[in-house]
Amino acid sequence: MASLWRAATALTEKLNGYDGVEFWSNPERTGWLAKQGEYIKTWRLRWFVLKQGRLLWFKESSITRASRPRGVIPVATCLTVKGAEDILNMQYAFELSTRKETMYFTADSENEKEDWINSIGRSIVQHSRSVTDSEIVDYDNMC
């Protein structure tokens, strides 16, 4: 039974979305943001870490190798990141959208909000799949 448990937990760790990401060391960006819950739409303050194409969040700001994120978003799956004050009627709000969902966050200031939007936007561009030359179709020269 113990070996079955080890096999199941090892599989979970491999599928967790942050394998190989040393989120505790030299992140690209960190800070407190309020995040709206996925099912119960309450706001919770979380510590966010942007590192190696992953946006991770934690309950505490003291992150170590043993820390486990409360959630992970691979930024390559994100389509847009933009201000959302008008949608939520809240100051310093922004949204992050994937094909499946839109997540909402609030920062402490306009500068903090813009810094997060810019950092996440850069990461989306850096980690998104690029179109290669072989994938470009030249419709002008097709017969």
# chains A, B, ... in the order shown; residues from 1 in each chain; ligands from 1
call {"tool": "residues_around", "arguments": {"residues": "A:Arg65", "least_positions_apart": "4", "cutoff": "12 Å", "atoms": "only C-alpha atoms", "output": "PyMOL selection string"}}
result
chain A and resi 18-25+69
call {"tool": "closest_residue", "arguments": {"among": "A:Thr30, A:Thr64, A:Thr98, A:Leu79", "to": "A:Phe48", "atoms": "only C-alpha atoms"}}
result
A:Thr30
call {"tool": "select_by_dssp", "arguments": {"residues": "stretch 8-132 of chain A", "states": "helix (DSSP H, G or I)", "output": "PyMOL selection string"}}
result
chain A and resi 8-14+75-77+85-88+110-127
call {"tool": "residues_around", "arguments": {"residues": "stretch 90-97 of chain A", "least_positions_apart": "3", "cutoff": "10 Å", "atoms": "only C-alpha atoms", "output": "PyMOL selection string"}}
result
chain A and resi 33-35+73+75+77-87+100-114+116-117+120-121
call {"tool": "select_by_dssp", "arguments": {"residues": "stretch 10-135 of chain A", "states": "strand (DSSP E or B)", "output": "PyMOL selection string"}}
result
chain A and resi 29-36+43-51+54-58+71-74+78-83+93-98+102-106
call {"tool": "closest_residue", "arguments": {"among": "A:Ala76, A:Ile63, A:Asn26, A:Lys51", "to": "A:Gln126", "atoms": "only C-alpha atoms"}}
result
A:Ala76
call {"tool": "atom_distance", "arguments": {"atom1": "atom CA of A:Arg122", "atom2": "atom CA of A:Trp43"}}
result
25.8 Å
call {"tool": "atom_distance", "arguments": {"atom1": "atom CA of A:Ile40", "atom2": "atom CA of A:Trp57"}}
result
17.3 Å
